[in-house]
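Below is the file query02.txt, which contains compact mmCIF, N, CA and C atoms and all ligand atoms.
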# COMPACT_ATOMS: atom_id res chain seq x y z
N MET F 1 12.54 71.02 170.67
CA MET F 1 13.33 71.90 171.52
C MET F 1 14.74 72.03 170.93
N ASP F 2 14.97 73.04 170.14
CA ASP F 2 16.30 73.19 169.54
C ASP F 2 17.02 74.42 170.08
N CYS F 3 16.65 74.83 171.31
CA CYS F 3 17.27 75.99 171.94
C CYS F 3 18.64 75.64 172.51
N CYS F 4 18.82 74.41 172.98
CA CYS F 4 20.06 74.00 173.62
C CYS F 4 20.09 72.48 173.60
N ASN F 5 21.07 71.88 174.30
CA ASN F 5 21.20 70.42 174.23
C ASN F 5 20.51 69.69 175.37
N ILE F 6 19.50 70.33 175.97
CA ILE F 6 18.83 69.77 177.15
C ILE F 6 18.33 68.34 176.92
N LEU F 7 17.72 68.08 175.78
CA LEU F 7 17.15 66.75 175.58
C LEU F 7 18.23 65.70 175.37
N GLU F 8 19.25 66.03 174.59
CA GLU F 8 20.33 65.06 174.35
C GLU F 8 20.98 64.60 175.65
N THR F 9 21.16 65.54 176.57
CA THR F 9 21.90 65.18 177.77
C THR F 9 21.01 64.48 178.80
N LEU F 10 19.71 64.77 178.77
CA LEU F 10 18.83 64.23 179.82
C LEU F 10 18.05 63.01 179.40
N THR F 11 17.55 63.01 178.14
CA THR F 11 16.54 62.03 177.78
C THR F 11 16.47 61.93 176.25
N ASN F 12 15.40 61.38 175.72
CA ASN F 12 15.19 61.37 174.27
C ASN F 12 13.70 61.22 173.98
N GLN F 13 13.34 61.41 172.73
CA GLN F 13 11.90 61.48 172.38
C GLN F 13 11.17 60.17 172.66
N SER F 14 11.87 59.04 172.59
CA SER F 14 11.16 57.77 172.83
C SER F 14 10.79 57.59 174.30
N LEU F 15 11.30 58.48 175.16
CA LEU F 15 10.98 58.42 176.59
C LEU F 15 10.00 59.53 176.99
N LEU F 16 9.33 60.12 176.00
CA LEU F 16 8.32 61.15 176.30
C LEU F 16 7.08 60.49 176.89
N VAL F 17 6.75 60.86 178.11
CA VAL F 17 5.58 60.31 178.80
C VAL F 17 4.34 61.11 178.44
N LYS F 18 4.44 62.43 178.54
CA LYS F 18 3.28 63.27 178.23
C LYS F 18 3.71 64.68 177.89
N GLU F 19 3.08 65.22 176.87
CA GLU F 19 3.27 66.62 176.51
C GLU F 19 2.15 67.43 177.13
N TYR F 20 2.51 68.40 177.94
CA TYR F 20 1.55 69.33 178.53
C TYR F 20 1.64 70.65 177.77
N LYS F 21 0.89 71.65 178.23
CA LYS F 21 0.90 72.93 177.52
C LYS F 21 2.26 73.63 177.67
N TYR F 22 2.81 73.62 178.88
CA TYR F 22 4.06 74.36 179.15
C TYR F 22 5.25 73.45 179.44
N TRP F 23 5.00 72.17 179.69
CA TRP F 23 6.05 71.24 180.12
C TRP F 23 5.96 69.96 179.31
N ASN F 24 7.09 69.28 179.19
CA ASN F 24 7.11 67.90 178.70
C ASN F 24 7.66 67.01 179.81
N LEU F 25 6.98 65.89 180.01
CA LEU F 25 7.41 64.93 181.02
C LEU F 25 8.07 63.73 180.32
N TYR F 26 9.32 63.45 180.68
CA TYR F 26 10.08 62.34 180.10
C TYR F 26 10.58 61.44 181.22
N LEU F 27 10.83 60.19 180.90
CA LEU F 27 11.73 59.42 181.75
C LEU F 27 13.15 59.86 181.41
N ARG F 28 14.02 59.88 182.40
CA ARG F 28 15.42 60.22 182.14
C ARG F 28 16.16 59.01 181.61
N SER F 29 17.08 59.24 180.70
CA SER F 29 17.86 58.11 180.17
C SER F 29 18.84 57.58 181.21
N ARG F 30 19.34 58.44 182.10
CA ARG F 30 20.15 57.97 183.22
C ARG F 30 19.23 57.86 184.43
N THR F 31 19.01 56.63 184.84
CA THR F 31 18.03 56.35 185.89
C THR F 31 18.73 56.12 187.21
N LYS F 32 18.21 56.73 188.25
CA LYS F 32 18.78 56.50 189.59
C LYS F 32 17.82 55.71 190.48
N THR F 33 16.52 55.85 190.20
CA THR F 33 15.51 55.07 190.92
C THR F 33 14.40 54.76 189.93
N LEU F 34 13.56 53.77 190.27
CA LEU F 34 12.44 53.40 189.42
C LEU F 34 11.55 54.63 189.17
N GLY F 35 11.41 55.02 187.92
CA GLY F 35 10.57 56.15 187.56
C GLY F 35 11.29 57.49 187.51
N THR F 36 12.61 57.48 187.53
CA THR F 36 13.37 58.75 187.45
C THR F 36 12.95 59.53 186.20
N SER F 37 12.49 60.75 186.40
CA SER F 37 11.89 61.53 185.32
C SER F 37 12.52 62.90 185.19
N ALA F 38 12.27 63.52 184.04
CA ALA F 38 12.68 64.90 183.81
C ALA F 38 11.45 65.67 183.34
N LEU F 39 11.13 66.73 184.04
CA LEU F 39 10.02 67.58 183.66
C LEU F 39 10.62 68.89 183.14
N VAL F 40 10.47 69.11 181.83
CA VAL F 40 11.24 70.14 181.14
C VAL F 40 10.29 71.21 180.60
N THR F 41 10.60 72.48 180.82
CA THR F 41 9.77 73.52 180.22
C THR F 41 9.93 73.48 178.70
N LYS F 42 8.82 73.72 177.99
CA LYS F 42 8.87 73.65 176.53
C LYS F 42 9.60 74.86 175.95
N GLN F 43 9.66 75.93 176.72
CA GLN F 43 10.47 77.08 176.31
C GLN F 43 11.73 77.14 177.17
N HIS F 44 12.73 77.75 176.61
CA HIS F 44 13.99 77.87 177.33
C HIS F 44 13.95 79.04 178.32
N TYR F 45 14.10 78.73 179.59
CA TYR F 45 14.33 79.75 180.62
C TYR F 45 15.59 79.34 181.36
N ASN F 46 16.31 80.34 181.87
CA ASN F 46 17.57 80.05 182.57
C ASN F 46 17.37 79.82 184.06
N THR F 47 16.34 80.43 184.63
CA THR F 47 16.12 80.28 186.07
C THR F 47 14.63 80.08 186.35
N MET F 48 14.35 79.54 187.50
CA MET F 48 12.96 79.26 187.87
C MET F 48 12.13 80.53 187.90
N SER F 49 12.73 81.65 188.28
CA SER F 49 11.96 82.90 188.39
C SER F 49 11.47 83.40 187.04
N GLU F 50 12.04 82.91 185.94
CA GLU F 50 11.58 83.32 184.59
C GLU F 50 10.37 82.54 184.12
N ILE F 51 10.04 81.46 184.80
CA ILE F 51 8.93 80.61 184.36
C ILE F 51 7.62 81.35 184.60
N PRO F 52 6.75 81.46 183.57
CA PRO F 52 5.50 82.20 183.74
C PRO F 52 4.55 81.54 184.75
N GLN F 53 3.71 82.38 185.33
CA GLN F 53 2.78 81.92 186.36
C GLN F 53 1.91 80.75 185.87
N GLU F 54 1.47 80.80 184.61
CA GLU F 54 0.58 79.76 184.07
C GLU F 54 1.29 78.40 184.10
N ALA F 55 2.58 78.42 183.83
CA ALA F 55 3.35 77.17 183.83
C ALA F 55 3.52 76.64 185.24
N ILE F 56 3.64 77.54 186.20
CA ILE F 56 3.74 77.12 187.60
C ILE F 56 2.42 76.51 188.05
N THR F 57 1.32 77.10 187.61
CA THR F 57 0.01 76.54 187.92
C THR F 57 -0.13 75.14 187.32
N GLU F 58 0.34 74.99 186.09
CA GLU F 58 0.26 73.68 185.45
C GLU F 58 1.13 72.66 186.18
N LEU F 59 2.24 73.11 186.73
CA LEU F 59 3.13 72.23 187.49
C LEU F 59 2.37 71.50 188.61
N SER F 60 1.46 72.20 189.24
CA SER F 60 0.67 71.59 190.30
C SER F 60 -0.17 70.44 189.76
N GLN F 61 -0.79 70.64 188.62
CA GLN F 61 -1.59 69.59 187.98
C GLN F 61 -0.70 68.39 187.60
N ILE F 62 0.47 68.67 187.06
CA ILE F 62 1.35 67.60 186.59
C ILE F 62 1.83 66.74 187.76
N THR F 63 2.21 67.38 188.86
CA THR F 63 2.70 66.60 190.00
C THR F 63 1.59 65.74 190.59
N LYS F 64 0.35 66.25 190.55
CA LYS F 64 -0.77 65.43 191.03
C LYS F 64 -0.94 64.20 190.15
N GLU F 65 -0.89 64.39 188.83
CA GLU F 65 -1.02 63.25 187.90
C GLU F 65 0.11 62.26 188.11
N LEU F 66 1.33 62.79 188.14
CA LEU F 66 2.51 61.92 188.26
C LEU F 66 2.45 61.12 189.56
N GLU F 67 2.16 61.78 190.66
CA GLU F 67 2.17 61.07 191.94
C GLU F 67 1.02 60.07 192.03
N THR F 68 -0.13 60.40 191.44
CA THR F 68 -1.25 59.45 191.43
C THR F 68 -0.87 58.17 190.69
N VAL F 69 -0.26 58.35 189.52
CA VAL F 69 0.11 57.19 188.69
C VAL F 69 1.28 56.42 189.30
N PHE F 70 2.30 57.13 189.77
CA PHE F 70 3.46 56.44 190.35
C PHE F 70 3.08 55.73 191.65
N ASN F 71 2.19 56.35 192.44
CA ASN F 71 1.76 55.69 193.68
C ASN F 71 1.08 54.36 193.36
N LYS F 72 0.32 54.34 192.26
CA LYS F 72 -0.36 53.11 191.87
C LYS F 72 0.63 52.07 191.33
N LEU F 73 1.54 52.50 190.45
CA LEU F 73 2.43 51.55 189.77
C LEU F 73 3.60 51.11 190.65
N PHE F 74 4.22 52.05 191.37
CA PHE F 74 5.52 51.77 192.01
C PHE F 74 5.50 51.90 193.53
N LYS F 75 4.51 52.61 194.07
CA LYS F 75 4.42 52.84 195.52
C LYS F 75 5.72 53.40 196.12
N PRO F 76 6.18 54.56 195.64
CA PRO F 76 7.36 55.17 196.27
C PRO F 76 7.05 55.59 197.71
N ASP F 77 8.10 55.72 198.51
CA ASP F 77 7.93 56.21 199.88
C ASP F 77 8.00 57.72 199.94
N LYS F 78 8.75 58.34 199.02
CA LYS F 78 8.87 59.80 198.96
C LYS F 78 9.15 60.23 197.53
N TYR F 79 9.07 61.53 197.29
CA TYR F 79 9.45 62.10 196.00
C TYR F 79 10.49 63.20 196.21
N ASN F 80 11.55 63.18 195.42
CA ASN F 80 12.51 64.29 195.41
C ASN F 80 12.34 65.04 194.10
N TYR F 81 12.10 66.35 194.20
CA TYR F 81 12.05 67.22 193.01
C TYR F 81 13.27 68.13 193.07
N GLN F 82 14.13 68.04 192.08
CA GLN F 82 15.35 68.85 192.09
C GLN F 82 15.41 69.73 190.85
N MET F 83 15.54 71.04 191.07
CA MET F 83 15.84 71.95 189.96
C MET F 83 17.25 72.47 190.20
N ASN F 84 18.20 71.85 189.55
CA ASN F 84 19.61 72.16 189.82
C ASN F 84 20.22 73.06 188.74
N MET F 85 20.08 72.63 187.46
CA MET F 85 20.62 73.36 186.31
C MET F 85 22.10 73.68 186.47
N MET F 86 22.87 72.69 186.85
CA MET F 86 24.31 72.89 186.94
C MET F 86 24.96 72.72 185.57
N LYS F 87 24.53 71.68 184.82
CA LYS F 87 25.10 71.44 183.49
C LYS F 87 24.19 71.95 182.39
N GLU F 88 22.87 71.76 182.55
CA GLU F 88 21.92 72.13 181.51
C GLU F 88 21.20 73.41 181.94
N ASN F 89 21.44 74.50 181.20
CA ASN F 89 20.84 75.79 181.54
C ASN F 89 19.47 75.95 180.93
N HIS F 90 18.61 75.01 181.17
CA HIS F 90 17.24 75.06 180.64
C HIS F 90 16.38 74.52 181.77
N THR F 91 15.40 75.33 182.20
CA THR F 91 14.63 74.98 183.38
C THR F 91 13.99 73.59 183.27
N HIS F 92 14.29 72.77 184.27
CA HIS F 92 13.72 71.43 184.34
C HIS F 92 13.86 70.91 185.76
N PHE F 93 12.95 70.02 186.11
CA PHE F 93 13.07 69.29 187.37
C PHE F 93 13.55 67.88 187.08
N ASN F 94 14.48 67.40 187.87
CA ASN F 94 14.75 65.97 187.95
C ASN F 94 13.85 65.43 189.04
N ILE F 95 13.08 64.41 188.72
CA ILE F 95 12.14 63.86 189.69
C ILE F 95 12.60 62.44 190.04
N PHE F 96 12.88 62.25 191.32
CA PHE F 96 13.34 60.94 191.80
C PHE F 96 12.31 60.38 192.78
N PRO F 97 11.51 59.41 192.35
CA PRO F 97 10.73 58.67 193.33
C PRO F 97 11.71 57.92 194.24
N ARG F 98 11.46 57.89 195.54
CA ARG F 98 12.41 57.29 196.49
C ARG F 98 11.80 56.08 197.18
N TYR F 99 12.63 55.09 197.44
CA TYR F 99 12.16 53.79 197.92
C TYR F 99 13.01 53.32 199.09
N SER F 100 12.34 52.95 200.15
CA SER F 100 13.07 52.44 201.32
C SER F 100 13.45 50.98 201.13
N SER F 101 12.85 50.30 200.14
CA SER F 101 13.19 48.90 199.87
C SER F 101 13.09 48.66 198.37
N PRO F 102 13.75 47.63 197.82
CA PRO F 102 13.72 47.39 196.38
C PRO F 102 12.31 47.09 195.87
N ARG F 103 12.08 47.42 194.61
CA ARG F 103 10.80 47.13 193.95
C ARG F 103 11.06 46.21 192.77
N GLU F 104 10.14 45.29 192.52
CA GLU F 104 10.20 44.43 191.34
C GLU F 104 9.27 45.03 190.29
N TYR F 105 9.82 45.33 189.12
CA TYR F 105 8.98 45.88 188.05
C TYR F 105 9.60 45.54 186.72
N LEU F 106 8.82 45.07 185.76
CA LEU F 106 9.30 44.64 184.44
C LEU F 106 10.44 43.62 184.58
N ASN F 107 10.28 42.69 185.53
CA ASN F 107 11.26 41.61 185.76
C ASN F 107 12.64 42.13 186.16
N ILE F 108 12.67 43.31 186.74
CA ILE F 108 13.94 43.88 187.21
C ILE F 108 13.78 44.27 188.68
N THR F 109 14.84 44.07 189.44
CA THR F 109 14.86 44.55 190.82
C THR F 109 15.48 45.94 190.82
N TRP F 110 14.67 46.92 191.21
CA TRP F 110 15.11 48.32 191.20
C TRP F 110 15.46 48.71 192.63
N THR F 111 16.70 49.13 192.83
CA THR F 111 17.10 49.55 194.16
C THR F 111 17.29 51.07 194.18
N ASP F 112 17.12 51.65 195.34
CA ASP F 112 17.38 53.08 195.54
C ASP F 112 18.68 53.16 196.33
N ASN F 113 19.79 53.34 195.60
CA ASN F 113 21.12 53.24 196.21
C ASN F 113 21.41 54.30 197.26
N GLY F 114 20.71 55.41 197.20
CA GLY F 114 21.03 56.49 198.12
C GLY F 114 20.17 56.52 199.37
N TRP F 115 19.06 55.80 199.37
CA TRP F 115 18.12 55.88 200.49
C TRP F 115 18.82 55.67 201.82
N PRO F 116 18.53 56.48 202.85
CA PRO F 116 17.57 57.59 202.93
C PRO F 116 18.22 58.95 202.70
N ALA F 117 19.43 58.98 202.13
CA ALA F 117 20.10 60.26 201.86
C ALA F 117 19.82 60.67 200.41
N LEU F 118 20.67 61.48 199.82
CA LEU F 118 20.49 61.91 198.43
C LEU F 118 20.56 60.71 197.50
N VAL F 119 19.98 60.84 196.29
CA VAL F 119 20.00 59.73 195.34
C VAL F 119 21.44 59.31 195.06
N GLY F 120 21.63 58.01 194.84
CA GLY F 120 22.96 57.45 194.67
C GLY F 120 23.36 57.30 193.21
N ASP F 121 24.13 56.25 192.93
CA ASP F 121 24.66 56.01 191.59
C ASP F 121 23.54 55.65 190.61
N ASN F 122 23.83 55.87 189.32
CA ASN F 122 22.89 55.47 188.26
C ASN F 122 22.71 53.95 188.28
N LEU F 123 21.49 53.52 187.91
CA LEU F 123 21.22 52.09 187.73
C LEU F 123 21.54 51.72 186.29
N GLU F 124 21.97 50.48 186.08
CA GLU F 124 22.23 49.99 184.71
C GLU F 124 20.93 49.46 184.14
N ILE F 125 20.21 50.29 183.44
CA ILE F 125 18.91 49.90 182.87
C ILE F 125 18.97 50.18 181.37
N ASN F 126 18.64 49.20 180.54
CA ASN F 126 18.77 49.46 179.11
C ASN F 126 17.58 50.22 178.54
N GLN F 127 17.79 50.78 177.38
CA GLN F 127 16.84 51.66 176.73
C GLN F 127 15.49 50.98 176.48
N GLU F 128 15.51 49.68 176.11
CA GLU F 128 14.26 48.96 175.83
C GLU F 128 13.38 48.91 177.08
N VAL F 129 14.01 48.71 178.23
CA VAL F 129 13.26 48.67 179.49
C VAL F 129 12.65 50.05 179.78
N LEU F 130 13.44 51.10 179.53
CA LEU F 130 12.93 52.46 179.80
C LEU F 130 11.77 52.80 178.86
N ILE F 131 11.84 52.32 177.62
CA ILE F 131 10.73 52.55 176.69
C ILE F 131 9.49 51.79 177.17
N ALA F 132 9.66 50.56 177.61
CA ALA F 132 8.53 49.78 178.13
C ALA F 132 7.93 50.48 179.35
N LEU F 133 8.79 51.01 180.20
CA LEU F 133 8.33 51.73 181.40
C LEU F 133 7.56 53.00 181.00
N THR F 134 8.07 53.70 179.99
CA THR F 134 7.38 54.89 179.48
C THR F 134 5.96 54.53 179.04
N GLU F 135 5.83 53.41 178.33
CA GLU F 135 4.52 52.98 177.83
C GLU F 135 3.57 52.64 178.98
N GLU F 136 4.09 52.00 180.02
CA GLU F 136 3.27 51.67 181.20
C GLU F 136 2.73 52.94 181.86
N ILE F 137 3.58 53.94 182.00
CA ILE F 137 3.18 55.19 182.66
C ILE F 137 2.18 55.94 181.78
N LYS F 138 2.44 55.96 180.46
CA LYS F 138 1.52 56.65 179.53
C LYS F 138 0.12 56.04 179.61
N LYS F 139 0.08 54.72 179.68
CA LYS F 139 -1.21 54.02 179.75
C LYS F 139 -1.98 54.44 181.01
N GLU F 140 -1.29 54.47 182.13
CA GLU F 140 -1.94 54.84 183.39
C GLU F 140 -2.38 56.31 183.39
N ILE F 141 -1.56 57.18 182.84
CA ILE F 141 -1.94 58.60 182.80
C ILE F 141 -3.17 58.78 181.91
N SER F 142 -3.24 58.04 180.83
CA SER F 142 -4.41 58.18 179.93
C SER F 142 -5.68 57.72 180.63
N HIS F 143 -5.57 56.81 181.59
CA HIS F 143 -6.74 56.35 182.34
C HIS F 143 -7.27 57.43 183.29
N LEU F 144 -6.43 58.42 183.60
CA LEU F 144 -6.87 59.49 184.50
C LEU F 144 -7.84 60.44 183.81
N GLU F 145 -7.77 60.49 182.47
CA GLU F 145 -8.52 61.52 181.75
C GLU F 145 -9.93 61.07 181.39
ZN ZN Y 201 17.05 75.20 176.07
Conversion result in structure tokens:
Amino acid sequence: MDCCNILETLTNQSLLVKEYKYWNLYLRSRTKTLGTSALVTKQHYNTMSEIPQEAITELSQITKELETVFNKLFKPDKYNYQMNMMKENHTHFNIFPRYSSPREYLNITWTDNGWPALVGDNLEINQEVLIALTEEIKKEISHLE
């Protein structure tokens, strides 16, 4: 994706969970809750209305996969899908699994600082942990197929 700086600001290639036909699913490098993800269109569009119908159809499949896997691994209480594009003018969703209580995962206590309102401050999670988390999610998604 060399259309703009979307990947640099949101994530990086080592956090790629799955490549779909129209979207790439990444963990975000700035994490607010356990499993904070970025679902990015593979082509550059400026607004949601520019996204082709086929990609919207695929979105339904992706959210089913993501929620199936995250429900198994992390048991979120809710999901927030945000398409804001305030800083990055490239269509993407920020996906925040939401938790009413802390979760223990990869020997870390993950809190949802904003619950039950909007997501709160970023968590201090290092890159190695996010890569390990990416691998855990990839493994579970591959079991779906
Ligand atoms: Zn772009």
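For the choices F:His44, F:Arg28, F:Lys72, F:His143, the atom-to-atom distance to F:Ile95 is smallest for F:Arg28 when using only N, CA and C atoms.
When atom CA of F:Glu88 is paired with atom CA of F:Gln43, their separation reads 13.5 Å.
Using only N, CA and C atoms and all ligand atoms, the shortest contact distance between ligand ZN 201 (chain Y) and any of F:Tyr45, F:Phe70, F:Trp23, F:Tyr79 is found at F:Tyr45.
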Find the spatial neighbours of F:Asn12, counting only C-alpha atoms, within a cut-off of 8 Å - ignore same-chain residues fewer than 2 positions away - and output them as a VMD selection string. chain F and resid 7 to 8 10 14 to 16 26 28 to 29
What does the list of residues within 5 Å of ligand ZN 201 (chain Y) look like if you count only N, CA and C atoms and all ligand atoms, written as a VMD selection string? chain F and resid 3 to 4 44 90
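The coordinates place atom CA of F:Leu59 at 28.4 Å from atom CA of F:Leu106.
All residues of stretch 23-134 of chain F that DSSP, run on the backbone, classes as strand (DSSP E) are Trp23, Asn24, Leu25, Tyr26, Leu27, Ser37, Ala38, Leu39, Val40, Thr41, Lys78, Tyr79, Asn80, Tyr81, Gln82, His92, Phe93, Asn94, Ile95, Phe96, Pro97, Arg98, Arg103, Glu104, Tyr105, Ile108, Thr109 and Trp110 of chain F.
Between F:Arg98 and the candidates F:Glu65, F:Ile6, F:Met83, F:Thr33, the tightest atom-to-atom separation, counting only C-alpha atoms, involves F:Thr33.
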Select, from F:Lys78, F:Leu73, F:Lys139, F:Leu27, the residue with the minimum atom-to-atom distance to F:Phe96, counting all atoms listed in the file. F:Lys78
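Distances here use only N, CA and C atoms; by that measure, the residue among F:Leu144, F:Ile51, F:Leu133, F:Ile108 closest to F:Gly35 is F:Leu133.
Reported to one decimal place, the separation of atom N of F:Met85 from atom CA of F:Glu136 is 27.6 Å.
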Please list as a PyMOL selection string every residue within 8 Å of F:Asn122, counting all atoms listed in the file and excluding residues in the same chain fewer than 6 positions away. chain F and resi 30-33+113
Surrounding residues of F:Ile62 excluding itself and chain neighbours under 5 positions, 12 Å, only C-alpha atoms, as JSON, numbers by chain: {"F": [17, 18, 19, 20, 21, 22, 23, 24, 25, 38, 39, 40, 55, 56, 57, 67, 68, 69, 70, 93, 95, 141, 144]}
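Residue nearest F:Glu124, chosen from F:Leu34, F:Thr9, F:Arg103, F:Asn46 and counting only C-alpha atoms: F:Leu34.
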Write out as a PyMOL selection string all residues of stretch 105-140 of chain F that backbone DSSP assigns to alpha helix (DSSP H). chain F and resi 127-140
